[in-house]
file entry06.txt (compact mmCIF, C-alpha atoms)
# COMPACT_ATOMS: atom_id res chain seq x y z
CA MET A 1160 3.43 15.99 -0.83
CA HIS A 1161 2.73 19.70 -0.63
CA LYS A 1162 -0.80 18.98 0.56
CA PHE A 1163 0.46 17.24 3.70
CA ALA A 1164 2.95 19.99 4.38
CA ASN A 1165 0.11 22.12 5.66
CA PRO A 1166 0.02 21.82 9.48
CA ALA A 1167 -3.79 22.23 9.68
CA ARG A 1168 -4.34 19.42 7.19
CA PHE A 1169 -1.78 17.28 8.99
CA MET A 1170 -3.69 17.71 12.25
CA ARG A 1171 -6.96 16.73 10.59
CA LEU A 1172 -5.61 13.65 8.81
CA SER A 1173 -3.47 12.42 11.68
CA LYS A 1174 -6.51 12.44 13.99
CA ILE A 1175 -8.22 9.97 11.65
CA PHE A 1176 -5.20 7.70 11.21
CA LEU A 1177 -3.83 7.66 14.73
CA PRO A 1178 -6.31 5.18 16.32
CA TRP A 1179 -5.74 2.73 13.46
CA PHE A 1180 -1.99 3.01 13.81
CA MET A 1181 -2.26 2.40 17.55
CA GLY A 1182 -4.39 -0.68 17.01
CA LEU A 1183 -1.97 -2.06 14.43
CA THR A 1184 0.96 -1.43 16.81
CA ILE A 1185 -0.71 -3.40 19.60
CA LEU A 1186 -1.66 -6.23 17.23
CA LEU A 1187 1.87 -6.50 15.82
CA PHE A 1188 3.46 -6.46 19.28
CA ALA A 1189 1.09 -9.14 20.57
CA SER A 1190 1.67 -11.49 17.64
CA GLY A 1191 5.39 -10.67 17.41
CA LEU A 1192 6.04 -11.35 21.09
CA TYR A 1193 4.01 -14.56 20.94
CA TYR A 1194 6.06 -15.77 17.98
CA ALA A 1195 9.33 -14.62 19.56
CA PHE A 1196 8.81 -16.36 22.89
CA PHE A 1197 6.61 -19.37 22.10
CA LEU A 1198 6.75 -20.37 18.44
CA ALA A 1199 10.33 -19.55 17.44
CA PRO A 1200 12.62 -22.48 18.36
CA GLU A 1201 15.94 -22.35 20.20
CA ASP A 1202 19.04 -21.54 18.18
CA TYR A 1203 21.48 -24.42 17.61
CA GLN A 1204 24.44 -22.46 18.98
CA MET A 1205 23.06 -19.89 21.38
CA GLY A 1206 20.01 -21.66 22.81
CA ASN A 1207 17.51 -19.19 24.23
CA THR A 1208 19.96 -16.32 24.51
CA TYR A 1209 19.58 -15.48 20.81
CA ARG A 1210 16.00 -14.28 21.48
CA ILE A 1211 17.40 -10.86 22.35
CA ILE A 1212 17.60 -10.29 18.56
CA TYR A 1213 13.84 -9.71 18.68
CA ILE A 1214 14.55 -6.48 20.56
CA HIS A 1215 18.09 -5.73 19.42
CA VAL A 1216 17.60 -5.98 15.65
CA PRO A 1217 14.33 -3.95 15.45
CA ALA A 1218 15.82 -1.30 17.76
CA ALA A 1219 18.91 -1.00 15.57
CA TYR A 1220 16.71 -0.72 12.48
CA MET A 1221 14.64 2.02 14.09
CA ALA A 1222 17.82 3.88 15.05
CA GLN A 1223 18.59 4.12 11.34
CA PHE A 1224 15.00 4.50 10.15
CA GLY A 1225 14.71 7.52 12.46
CA TYR A 1226 17.85 8.97 10.98
CA GLY A 1227 16.48 8.42 7.49
CA ILE A 1228 13.34 10.41 8.39
CA ILE A 1229 15.42 13.22 9.91
CA ALA A 1230 17.64 13.36 6.82
CA VAL A 1231 14.75 13.48 4.32
CA ALA A 1232 12.74 15.95 6.40
CA SER A 1233 15.82 18.14 6.92
CA ALA A 1234 16.56 18.20 3.20
CA VAL A 1235 12.93 19.16 2.44
CA GLY A 1236 12.99 21.79 5.18
CA PHE A 1237 16.32 23.19 4.04
CA ILE A 1238 15.51 23.40 0.33
CA TRP A 1239 11.77 24.16 0.25
CA LYS A 1240 11.47 25.84 3.69
CA HIS A 1241 8.48 23.81 4.86
CA PRO A 1242 8.01 24.43 8.58
CA LEU A 1243 6.26 21.06 9.00
CA ALA A 1244 9.32 19.24 7.65
CA ASP A 1245 11.54 20.96 10.24
CA GLN A 1246 9.11 20.05 13.00
CA ALA A 1247 8.97 16.41 11.81
CA ALA A 1248 12.76 16.18 11.85
CA ARG A 1249 12.91 17.71 15.30
CA ALA A 1250 10.20 15.40 16.64
CA THR A 1251 12.01 12.29 15.37
CA ALA A 1252 15.35 12.91 17.08
CA PRO A 1253 14.54 11.79 20.67
CA LEU A 1254 12.86 8.63 19.33
CA GLY A 1255 15.88 7.78 17.19
CA ALA A 1256 18.24 8.47 20.09
CA GLY A 1257 16.15 6.25 22.37
CA PHE A 1258 16.21 3.32 19.95
CA THR A 1259 19.94 3.77 19.39
CA ALA A 1260 20.48 3.56 23.15
CA LEU A 1261 18.27 0.46 23.30
CA ALA A 1262 20.24 -1.23 20.51
CA LEU A 1263 23.55 -0.42 22.22
CA LEU A 1264 22.25 -1.65 25.59
CA THR A 1265 20.73 -4.93 24.37
CA GLY A 1266 23.79 -5.58 22.23
CA SER A 1267 26.02 -5.08 25.23
CA LEU A 1268 23.93 -7.43 27.38
CA TRP A 1269 24.08 -10.02 24.61
CA GLY A 1270 27.80 -9.52 24.03
CA LYS A 1271 28.83 -10.50 27.55
CA PRO A 1272 27.57 -14.12 27.50
CA MET A 1273 28.17 -14.75 23.78
CA TRP A 1274 31.38 -12.90 22.90
CA GLY A 1275 32.78 -12.63 26.40
CA THR A 1276 32.73 -8.82 26.64
CA TYR A 1277 30.18 -6.02 27.10
CA TRP A 1278 31.95 -3.72 24.70
CA ILE A 1279 34.64 -3.72 22.04
CA TRP A 1280 35.78 -0.83 19.85
CA ASP A 1281 35.06 -2.51 16.54
CA ALA A 1282 33.75 -0.58 13.53
CA ARG A 1283 30.06 -1.51 13.99
CA LEU A 1284 29.83 -0.76 17.71
CA THR A 1285 31.83 2.45 17.44
CA SER A 1286 29.82 3.82 14.50
CA MET A 1287 26.58 3.03 16.37
CA LEU A 1288 27.88 4.97 19.40
CA ILE A 1289 28.74 7.88 17.09
CA LEU A 1290 25.15 7.77 15.76
CA PHE A 1291 23.93 8.17 19.34
CA PHE A 1292 26.14 11.23 19.81
CA ILE A 1293 25.00 12.73 16.50
CA TYR A 1294 21.39 12.41 17.70
CA LEU A 1295 22.31 14.16 20.95
CA GLY A 1296 24.18 16.89 19.09
CA TYR A 1297 21.24 17.39 16.74
CA MET A 1298 18.86 17.77 19.69
CA ALA A 1299 21.27 20.16 21.41
CA VAL A 1300 21.24 22.46 18.36
CA TRP A 1301 17.45 22.79 18.56
CA GLU A 1302 17.56 23.43 22.30
CA THR A 1303 20.36 25.97 22.39
CA ILE A 1304 19.54 28.22 19.43
CA GLU A 1305 16.75 30.61 20.31
CA ASP A 1306 15.81 31.70 16.78
CA GLN A 1307 13.77 28.77 15.39
CA VAL A 1308 14.43 29.55 11.73
CA LYS A 1309 18.17 29.64 12.33
CA ALA A 1310 18.00 26.52 14.54
CA ALA A 1311 16.17 24.60 11.78
CA LYS A 1312 18.84 25.54 9.25
CA ILE A 1313 21.82 24.56 11.40
CA ALA A 1314 20.14 21.37 12.64
CA ALA A 1315 19.42 20.38 9.03
CA ILE A 1316 23.08 20.77 8.11
CA VAL A 1317 24.16 18.67 11.11
CA ALA A 1318 21.64 15.97 10.14
CA LEU A 1319 22.68 15.87 6.49
CA VAL A 1320 26.39 15.64 7.28
CA GLY A 1321 25.62 12.76 9.64
CA ILE A 1322 24.22 10.65 6.78
CA ILE A 1323 27.80 9.56 6.10
CA ASN A 1324 27.84 7.79 9.46
CA VAL A 1325 24.67 5.82 8.63
CA VAL A 1326 26.33 4.52 5.47
CA ILE A 1327 29.37 3.55 7.54
CA ILE A 1328 27.17 1.67 10.06
CA LYS A 1329 25.55 -0.39 7.32
CA PHE A 1330 28.79 -1.42 5.62
CA SER A 1331 31.10 -1.45 8.66
CA VAL A 1332 30.78 -5.23 8.94
CA ASP A 1333 31.71 -5.71 5.28
CA TRP A 1334 34.50 -3.15 4.89
CA TRP A 1335 36.47 -4.03 8.01
CA ASN A 1336 36.78 -7.12 10.14
CA THR A 1337 34.71 -6.73 13.28
CA LEU A 1338 33.56 -8.80 16.23
CA HIS A 1339 29.96 -8.04 15.27
CA GLN A 1340 28.56 -10.51 12.75
CA PRO A 1341 27.61 -9.44 9.19
CA ALA A 1342 24.02 -8.80 8.07
CA THR A 1343 21.44 -11.58 8.53
CA LEU A 1344 18.42 -10.08 6.73
CA MET A 1345 19.59 -7.45 4.25
CA ARG A 1346 22.00 -9.47 2.14
CA LEU A 1347 22.13 -10.15 -1.57
CA ASP A 1348 21.80 -13.95 -1.32
CA GLY A 1349 18.76 -13.88 0.98
CA PRO A 1350 18.44 -14.01 4.79
CA THR A 1351 20.37 -16.56 6.83
CA ILE A 1352 17.43 -17.11 9.15
CA GLY A 1353 14.19 -18.89 8.31
CA GLY A 1354 10.85 -20.34 9.39
CA ASP A 1355 9.23 -19.13 12.62
CA MET A 1356 12.47 -17.40 13.65
CA LEU A 1357 12.22 -15.16 10.59
CA THR A 1358 8.46 -14.58 10.99
CA ALA A 1359 8.99 -13.55 14.61
CA LEU A 1360 11.77 -11.15 13.63
CA LEU A 1361 9.75 -9.56 10.81
CA LEU A 1362 6.70 -9.16 13.07
CA MET A 1363 8.82 -7.50 15.75
CA ILE A 1364 10.40 -5.16 13.20
CA GLY A 1365 6.88 -4.29 11.98
CA ALA A 1366 5.74 -3.68 15.57
CA PHE A 1367 8.70 -1.41 16.34
CA ASN A 1368 8.13 0.46 13.09
CA MET A 1369 4.43 1.09 13.75
CA PHE A 1370 5.23 2.13 17.31
CA PHE A 1371 7.81 4.56 15.95
CA ILE A 1372 5.40 6.08 13.42
CA THR A 1373 2.52 6.34 15.92
CA THR A 1374 4.69 8.05 18.53
CA LEU A 1375 6.17 10.33 15.89
CA ILE A 1376 2.72 11.52 14.77
CA TRP A 1377 1.91 12.24 18.40
CA ARG A 1378 5.07 14.24 18.84
CA ILE A 1379 4.53 16.27 15.66
CA GLN A 1380 0.96 17.04 16.79
CA SER A 1381 2.17 18.34 20.11
CA LEU A 1382 4.93 20.42 18.50
CA ILE A 1383 2.38 22.00 16.14
CA LEU A 1384 0.04 22.74 19.05
CA ARG A 1385 2.88 24.24 21.05
CA ARG A 1386 3.70 26.57 18.14
CA ARG A 1387 0.06 27.61 17.93
CA VAL A 1388 -0.07 28.34 21.66
CA ARG A 1389 3.05 30.45 21.36
CA ALA A 1390 1.60 32.36 18.38
CA LEU A 1391 -1.66 33.03 20.20
CA ARG A 1392 0.14 34.20 23.30
CA MET A 1393 2.20 36.61 21.20
CA GLN A 1394 -1.02 38.06 19.73
CA LEU A 1395 -2.66 38.43 23.13
CA GLY A 1396 0.15 39.60 25.34
CA GLY A 1397 1.95 41.67 22.76
CA GLY A 1398 5.10 39.57 22.59
CA GLN A 1399 5.70 38.59 26.21
CA GLY A 1400 6.68 35.04 27.16
CA MET B 559 26.08 37.48 -6.01
CA THR B 560 22.80 39.25 -5.33
CA LYS B 561 20.08 37.32 -3.60
CA ILE B 562 17.37 39.89 -4.32
CA GLY B 563 17.49 39.38 -8.04
CA LEU B 564 16.85 35.62 -7.86
CA LYS B 565 13.36 34.19 -8.07
CA ALA B 566 12.17 31.76 -5.36
CA GLY B 567 12.50 28.80 -7.71
CA ALA B 568 16.09 29.63 -8.58
CA ARG B 569 16.96 29.98 -4.90
CA LYS B 570 15.48 26.55 -4.16
CA LYS B 571 17.50 25.05 -6.94
CA ARG B 572 20.63 26.73 -5.65
CA ARG B 573 20.07 25.33 -2.14
CA LEU B 574 19.51 21.87 -3.63
CA TYR B 575 22.79 21.98 -5.56
CA PHE B 576 24.56 23.34 -2.50
CA LEU B 577 23.36 20.36 -0.44
CA LEU B 578 24.18 17.77 -3.08
CA THR B 579 27.69 19.04 -3.71
CA SER B 580 28.52 19.42 -0.02
CA ILE B 581 27.39 15.87 0.72
CA ALA B 582 29.38 14.55 -2.24
CA VAL B 583 32.52 16.43 -1.11
CA LEU B 584 32.12 15.36 2.53
CA GLY B 585 31.50 11.76 1.47
CA LEU B 586 34.67 11.79 -0.57
CA ALA B 587 36.62 13.26 2.35
CA ALA B 588 35.22 10.59 4.69
CA LEU B 589 36.17 7.89 2.18
CA LEU B 590 39.77 9.14 2.01
CA VAL B 591 40.08 9.38 5.80
CA LEU B 592 38.62 5.93 6.33
CA SER B 593 40.84 4.27 3.75
CA ALA B 594 43.88 5.98 5.28
CA LEU B 595 42.87 4.64 8.70
CA GLU B 596 42.14 1.13 7.37
CA ASP B 597 44.81 -0.48 9.51
CA SER B 598 43.60 0.97 12.80
CA ILE B 599 39.88 0.48 12.19
CA ARG B 600 40.19 -3.24 11.54
CA LEU B 601 39.75 -5.25 14.69
CA PHE B 602 42.14 -8.12 14.09
CA TYR B 603 44.71 -9.70 11.78
CA ASP B 604 44.29 -13.17 10.34
CA PRO B 605 47.08 -15.78 10.55
CA THR B 606 48.21 -15.22 6.94
CA GLU B 607 48.81 -11.52 7.59
CA ILE B 608 50.67 -12.31 10.79
CA VAL B 609 53.02 -14.68 8.98
CA GLU B 610 53.47 -12.15 6.15
CA LYS B 611 54.04 -9.17 8.42
CA ASN B 612 56.36 -11.20 10.63
CA ILE B 613 55.25 -9.48 13.85
CA GLY B 614 57.94 -9.83 16.51
CA PRO B 615 57.52 -11.06 20.09
CA GLY B 616 56.19 -8.64 22.69
CA GLN B 617 54.09 -6.59 20.30
CA ASN B 618 50.44 -6.48 21.32
CA PHE B 619 47.79 -7.11 18.68
CA ARG B 620 44.56 -9.01 18.00
CA LEU B 621 44.46 -12.31 16.15
CA GLY B 622 41.27 -13.55 14.49
CA GLY B 623 40.25 -16.71 12.69
CA LEU B 624 38.61 -20.09 13.13
CA VAL B 625 39.58 -22.51 15.89
CA GLU B 626 41.01 -25.49 14.04
CA GLU B 627 39.06 -28.74 14.42
CA GLU B 628 40.54 -31.15 16.98
CA SER B 629 43.18 -28.66 18.06
CA PHE B 630 41.66 -27.68 21.42
CA GLU B 631 43.23 -28.98 24.60
CA SER B 632 42.66 -27.85 28.17
CA ARG B 633 44.56 -28.70 31.36
CA GLU B 634 44.15 -27.53 34.91
CA VAL B 635 47.41 -26.65 36.61
CA ALA B 636 47.22 -25.55 40.25
CA GLY B 637 43.63 -24.41 39.89
CA ILE B 638 44.24 -22.40 36.72
CA LEU B 639 42.80 -23.55 33.41
CA ILE B 640 45.39 -23.55 30.64
CA ASN B 641 43.96 -23.76 27.11
CA HIS B 642 45.82 -24.61 23.92
CA PHE B 643 44.33 -24.30 20.45
CA VAL B 644 45.22 -23.38 16.90
CA VAL B 645 43.69 -20.42 15.01
CA THR B 646 43.54 -20.84 11.26
CA ASP B 647 42.24 -18.96 8.22
CA GLY B 648 42.47 -21.99 5.94
CA ASN B 649 45.84 -20.85 4.63
CA GLU B 650 48.14 -20.29 7.62
CA SER B 651 47.67 -21.14 11.27
CA VAL B 652 48.93 -19.86 14.61
CA ALA B 653 49.14 -21.79 17.91
CA VAL B 654 47.54 -20.02 20.89
CA THR B 655 47.71 -20.50 24.64
CA TYR B 656 45.32 -18.84 27.05
CA GLU B 657 44.90 -19.01 30.83
CA GLY B 658 41.37 -18.58 32.12
CA LEU B 659 37.74 -19.18 31.29
CA LEU B 660 36.62 -19.17 27.67
CA PRO B 661 33.31 -17.63 26.51
CA ASP B 662 30.25 -19.86 26.02
CA LEU B 663 30.41 -19.78 22.25
CA PHE B 664 34.04 -20.87 22.07
CA ARG B 665 34.02 -24.01 19.94
CA GLU B 666 36.19 -25.80 17.42
CA GLY B 667 35.33 -24.64 13.91
CA GLN B 668 34.00 -21.33 15.27
CA GLY B 669 35.35 -17.80 14.89
CA VAL B 670 37.48 -16.35 17.65
CA VAL B 671 39.29 -13.05 18.33
CA ALA B 672 42.22 -13.16 20.75
CA GLU B 673 44.29 -10.29 22.12
CA GLY B 674 47.90 -10.79 23.14
CA SER B 675 51.38 -11.15 21.67
CA MET B 676 53.74 -13.74 20.23
CA ASN B 677 56.34 -15.34 22.51
CA GLU B 678 59.88 -16.41 21.57
CA ASP B 679 58.66 -19.80 20.30
CA GLY B 680 56.15 -18.29 17.87
CA VAL B 681 53.17 -19.16 20.05
CA PHE B 682 50.50 -16.49 20.54
CA VAL B 683 49.97 -15.86 24.26
CA ALA B 684 46.45 -14.48 24.65
CA SER B 685 45.40 -12.20 27.48
CA GLU B 686 41.78 -12.16 26.32
CA VAL B 687 39.77 -14.52 24.10
CA LEU B 688 36.43 -13.46 22.57
CA ALA B 689 34.10 -15.69 20.58
CA LYS B 690 32.77 -14.42 17.27
CA HIS B 691 29.55 -15.86 15.96
CA ASP B 692 28.28 -15.85 12.41
CA GLU B 693 25.06 -14.39 11.05
CA THR B 694 23.23 -17.71 10.70
CA TYR B 695 20.38 -18.58 13.04
CA MET B 696 18.95 -22.10 12.93
CA PRO B 697 16.61 -24.18 15.06
CA LYS B 698 18.36 -26.76 17.23
CA GLU B 699 16.08 -29.58 16.04
CA VAL B 700 16.88 -28.94 12.39
CA VAL B 701 20.61 -29.07 13.01
CA ASP B 702 20.27 -32.21 15.14
CA SER B 703 18.35 -34.08 12.45
CA LEU B 704 20.75 -32.89 9.74
CA LYS B 705 23.62 -34.17 11.84
CA LYS B 706 21.85 -37.49 12.33
CA ARG B 707 21.47 -37.93 8.61
CA GLY B 708 25.08 -36.88 8.10
CA GLU B 709 24.09 -33.93 5.94
CA TRP B 710 25.18 -31.19 8.30
CA GLN B 711 27.74 -28.80 6.95
CA ARG B 712 28.68 -25.42 8.26
CA LYS B 713 26.45 -23.65 5.82
CA ALA B 714 27.81 -20.14 6.21
CA ALA B 715 31.39 -21.27 5.70
CA GLU B 716 30.37 -23.39 2.71
CA THR B 717 28.48 -20.76 0.79
CA HIS B 718 30.59 -17.73 1.69
CA PRO B 719 34.21 -18.80 1.49
CA GLN B 720 35.30 -15.18 1.86
CA ASP B 721 33.68 -15.09 5.29
CA LYS B 722 35.48 -18.19 6.41
CA ALA B 723 38.23 -16.38 8.21
CA LEU B 724 35.91 -13.90 9.85
call {"tool": "encode", "arguments": {"input": "entry06.txt", "output": "structure tokens"}}
result
Amino acid sequence: MHKFANPARFMRLSKIFLPWFMGLTILLFASGLYYAFFLAPEDYQMGNTYRIIYIHVPAAYMAQFGYGIIAVASAVGFIWKHPLADQAARATAPLGAGFTALALLTGSLWGKPMWGTYWIWDARLTSMLILFFIYLGYMAVWETIEDQVKAAKIAAIVALVGIINVVIIKFSVDWWNTLHQPATLMRLDGPTIGGDMLTALLLMIGAFNMFFITTLIWRIQSLILRRRVRALRMQLGGGQG
Amino acid sequence: MTKIGLKAGARKKRRLYFLLTSIAVLGLAALLVLSALEDSIRLFYDPTEIVEKNIGPGQNFRLGGLVEEESFESREVAGILINHFVVTDGNESVAVTYEGLLPDLFREGQGVVAEGSMNEDGVFVASEVLAKHDETYMPKEVVDSLKKRGEWQRKAAETHPQDKAL
């Protein structure tokens, strides 16, 4: 792990991997969307409306996947003081916030025709909204604190405290009664979806995941470059700007 | 405590323990708060709890359960749709009336969450009815052919009796 914590080595390796990741993302999206719209059959209760799960479920997964990355990177940054880990955590936040917003939005659009309401304050929906606010708060810490070392430390603490909310999101549908249905995929007795419907969902989750990782690498690259530019400017101009 | 005397490795270890203990303490605190708030975080009460708690008329709350088979009846009076149905959790049941349009997924045997209050006759007068759907997705054709062969059962309710009321 320490090898990859070197920004120069990260830049070199990521340049090799990035085109492959992009290709895989496009491939997964093409096959996933084809499965989702043409091969997966209509649901027996919801007809075609259920197809929004092919956006909603992957987006909700990415909302939590992003948080997982931030939490791990923050812990590494906080304990071992790796600057790359701090940058990775920082680069992930807007992506995670975006996917959280997408999950909330698609869920709301789905809720109106199926449940009969755009929004209800049940445990799942509320904890997802709190996740969105934690993302925003995390980003605000980075933006408002001038001293980057201090910002990294405080942001890491915010991120690690927020882990509790991710646990609550996962189990909210089991611990309390909610309007949101319980888990379909991640359950002990196997998924309650099968055949082409399941294939389509897994492909879409894969596509979202590769998209997330590809975009994240891009963002980390640009953050590293920005730091380099700032360092060079400091050397040249004697600390101005 | 002096920081200068510690080696880098010891400082890393100290930060690690600091993180682990703070997360453990915060997690415990969250657990206590959440269990204290149990009653307000839950979205609805099932019919058994309503009978047990003996909630009086006029008090607003949410009722959740399955719509009992063959209990649904709908009449139109002066242009307004009046719906009657029974919500059950397999143990107790509560009669419900609701004026207005029901959501698409409202069906007998399906989950439902209704907001409103009891009237003097022990009937739940709903001001809003929401449909709850389960976590099972199945192709229409498969269900149709299962029904044709008479082998269709509500799978989720069969295999997860604890979810039945949800």
call {"tool": "closest_atom_pairs", "arguments": {"input": "entry06.txt", "of": "chain A", "to": "chain B", "cutoff": "10 Å", "atoms": "all atoms listed in the file", "output": "JSON lines"}}
result
{"residue": "A:Ala1199", "atom": "CA", "partner": "B:Pro697", "partner_atom": "CA", "distance": 8.2}
{"residue": "A:Pro1200", "atom": "CA", "partner": "B:Pro697", "partner_atom": "CA", "distance": 5.4}
{"residue": "A:Glu1201", "atom": "CA", "partner": "B:Pro697", "partner_atom": "CA", "distance": 5.5}
{"residue": "A:Asp1202", "atom": "CA", "partner": "B:Pro697", "partner_atom": "CA", "distance": 4.8}
{"residue": "A:Tyr1203", "atom": "CA", "partner": "B:Lys698", "partner_atom": "CA", "distance": 3.9}
{"residue": "A:Gln1204", "atom": "CA", "partner": "B:Leu663", "partner_atom": "CA", "distance": 7.3}
{"residue": "A:Met1205", "atom": "CA", "partner": "B:Leu663", "partner_atom": "CA", "distance": 7.4}
{"residue": "A:Gly1206", "atom": "CA", "partner": "B:Lys698", "partner_atom": "CA", "distance": 7.7}
{"residue": "A:Tyr1209", "atom": "CA", "partner": "B:Tyr695", "partner_atom": "CA", "distance": 8.4}
{"residue": "A:Ala1234", "atom": "CA", "partner": "B:Leu577", "partner_atom": "CA", "distance": 8.0}
{"residue": "A:Val1235", "atom": "CA", "partner": "B:Leu574", "partner_atom": "CA", "distance": 9.4}
{"residue": "A:Phe1237", "atom": "CA", "partner": "B:Arg573", "partner_atom": "CA", "distance": 7.5}
{"residue": "A:Ile1238", "atom": "CA", "partner": "B:Lys570", "partner_atom": "CA", "distance": 5.5}
{"residue": "A:Trp1239", "atom": "CA", "partner": "B:Lys570", "partner_atom": "CA", "distance": 6.2}
{"residue": "A:Lys1240", "atom": "CA", "partner": "B:Lys570", "partner_atom": "CA", "distance": 8.8}
{"residue": "A:Gly1270", "atom": "CA", "partner": "B:Ala689", "partner_atom": "CA", "distance": 9.5}
{"residue": "A:Lys1271", "atom": "CA", "partner": "B:Pro661", "partner_atom": "CA", "distance": 8.5}
{"residue": "A:Pro1272", "atom": "CA", "partner": "B:Asp662", "partner_atom": "CA", "distance": 6.5}
{"residue": "A:Met1273", "atom": "CA", "partner": "B:Leu663", "partner_atom": "CA", "distance": 5.7}
{"residue": "A:Trp1274", "atom": "CA", "partner": "B:Ala689", "partner_atom": "CA", "distance": 4.5}
{"residue": "A:Gly1275", "atom": "CA", "partner": "B:Pro661", "partner_atom": "CA", "distance": 5.0}
{"residue": "A:Thr1276", "atom": "CA", "partner": "B:Leu688", "partner_atom": "CA", "distance": 7.2}
{"residue": "A:Ile1279", "atom": "CA", "partner": "B:Leu601", "partner_atom": "CA", "distance": 9.1}
{"residue": "A:Trp1280", "atom": "CA", "partner": "B:Leu601", "partner_atom": "CA", "distance": 7.9}
{"residue": "A:Asp1281", "atom": "CA", "partner": "B:Leu601", "partner_atom": "CA", "distance": 5.7}
{"residue": "A:Ala1282", "atom": "CA", "partner": "B:Ile599", "partner_atom": "CA", "distance": 6.4}
{"residue": "A:Thr1285", "atom": "CA", "partner": "B:Ile599", "partner_atom": "CA", "distance": 9.8}
{"residue": "A:Ile1316", "atom": "CA", "partner": "B:Leu577", "partner_atom": "CA", "distance": 8.6}
{"residue": "A:Leu1319", "atom": "CA", "partner": "B:Ile581", "partner_atom": "CA", "distance": 7.4}
{"residue": "A:Val1320", "atom": "CA", "partner": "B:Ile581", "partner_atom": "CA", "distance": 6.6}
{"residue": "A:Gly1321", "atom": "CA", "partner": "B:Ile581", "partner_atom": "CA", "distance": 9.6}
{"residue": "A:Ile1322", "atom": "CA", "partner": "B:Ile581", "partner_atom": "CA", "distance": 8.6}
{"residue": "A:Ile1323", "atom": "CA", "partner": "B:Gly585", "partner_atom": "CA", "distance": 6.3}
{"residue": "A:Asn1324", "atom": "CA", "partner": "B:Ala588", "partner_atom": "CA", "distance": 9.2}
{"residue": "A:Val1326", "atom": "CA", "partner": "B:Gly585", "partner_atom": "CA", "distance": 9.8}
{"residue": "A:Ile1327", "atom": "CA", "partner": "B:Ala588", "partner_atom": "CA", "distance": 9.6}
{"residue": "A:Ser1331", "atom": "CA", "partner": "B:Ile599", "partner_atom": "CA", "distance": 9.7}
{"residue": "A:Val1332", "atom": "CA", "partner": "B:Arg600", "partner_atom": "CA", "distance": 10.0}
{"residue": "A:Asp1333", "atom": "CA", "partner": "B:Asp721", "partner_atom": "CA", "distance": 9.6}
{"residue": "A:Trp1334", "atom": "CA", "partner": "B:Arg600", "partner_atom": "CA", "distance": 8.8}
{"residue": "A:Trp1335", "atom": "CA", "partner": "B:Arg600", "partner_atom": "CA", "distance": 5.2}
{"residue": "A:Asn1336", "atom": "CA", "partner": "B:Arg600", "partner_atom": "CA", "distance": 5.4}
{"residue": "A:Thr1337", "atom": "CA", "partner": "B:Leu601", "partner_atom": "CA", "distance": 5.4}
{"residue": "A:Leu1338", "atom": "CA", "partner": "B:Lys690", "partner_atom": "CA", "distance": 5.8}
{"residue": "A:His1339", "atom": "CA", "partner": "B:Lys690", "partner_atom": "CA", "distance": 7.3}
{"residue": "A:Gln1340", "atom": "CA", "partner": "B:Asp692", "partner_atom": "CA", "distance": 5.4}
{"residue": "A:Pro1341", "atom": "CA", "partner": "B:Glu693", "partner_atom": "CA", "distance": 5.9}
{"residue": "A:Ala1342", "atom": "CA", "partner": "B:Glu693", "partner_atom": "CA", "distance": 6.4}
{"residue": "A:Thr1343", "atom": "CA", "partner": "B:Glu693", "partner_atom": "CA", "distance": 5.2}
{"residue": "A:Leu1344", "atom": "CA", "partner": "B:Glu693", "partner_atom": "CA", "distance": 9.0}
{"residue": "A:Asp1348", "atom": "CA", "partner": "B:Thr717", "partner_atom": "CA", "distance": 9.8}
{"residue": "A:Pro1350", "atom": "CA", "partner": "B:Thr694", "partner_atom": "CA", "distance": 8.5}
{"residue": "A:Thr1351", "atom": "CA", "partner": "B:Thr694", "partner_atom": "CA", "distance": 4.9}
{"residue": "A:Ile1352", "atom": "CA", "partner": "B:Tyr695", "partner_atom": "CA", "distance": 5.1}
{"residue": "A:Gly1353", "atom": "CA", "partner": "B:Met696", "partner_atom": "CA", "distance": 7.4}
{"residue": "A:Gly1354", "atom": "CA", "partner": "B:Pro697", "partner_atom": "CA", "distance": 8.9}
{"residue": "A:Asp1355", "atom": "CA", "partner": "B:Pro697", "partner_atom": "CA", "distance": 9.3}
{"residue": "A:Met1356", "atom": "CA", "partner": "B:Tyr695", "partner_atom": "CA", "distance": 8.0}
{"residue": "A:Leu1357", "atom": "CA", "partner": "B:Tyr695", "partner_atom": "CA", "distance": 9.2}
call {"tool": "atom_distance", "arguments": {"input": "entry06.txt", "atom1": "CA of Glu657 in chain B", "atom2": "CA of Phe630 in chain B"}}
result
13.2 Å
call {"tool": "atom_distance", "arguments": {"input": "entry06.txt", "atom1": "CA of His642 in chain B", "atom2": "CA of Ser629 in chain B"}}
result
7.6 Å
call {"tool": "residues_around", "arguments": {"input": "entry06.txt", "residues": "range 1290-1294 of chain A", "least_positions_apart": "6", "cutoff": "9 Å", "atoms": "all atoms listed in the file", "output": "list in words"}}
result
Ala1222, Gln1223, Tyr1226, Ala1252, Pro1253, Gly1255, Ala1256, Gly1257, Thr1259, Ala1260, Val1317, Ala1318, Gly1321, Asn1324, Val1325 and Ile1328 of chain A
call {"tool": "atom_distance", "arguments": {"input": "entry06.txt", "atom1": "CA of Val625 in chain B", "atom2": "CA of Val644 in chain B"}}
result
5.8 Å
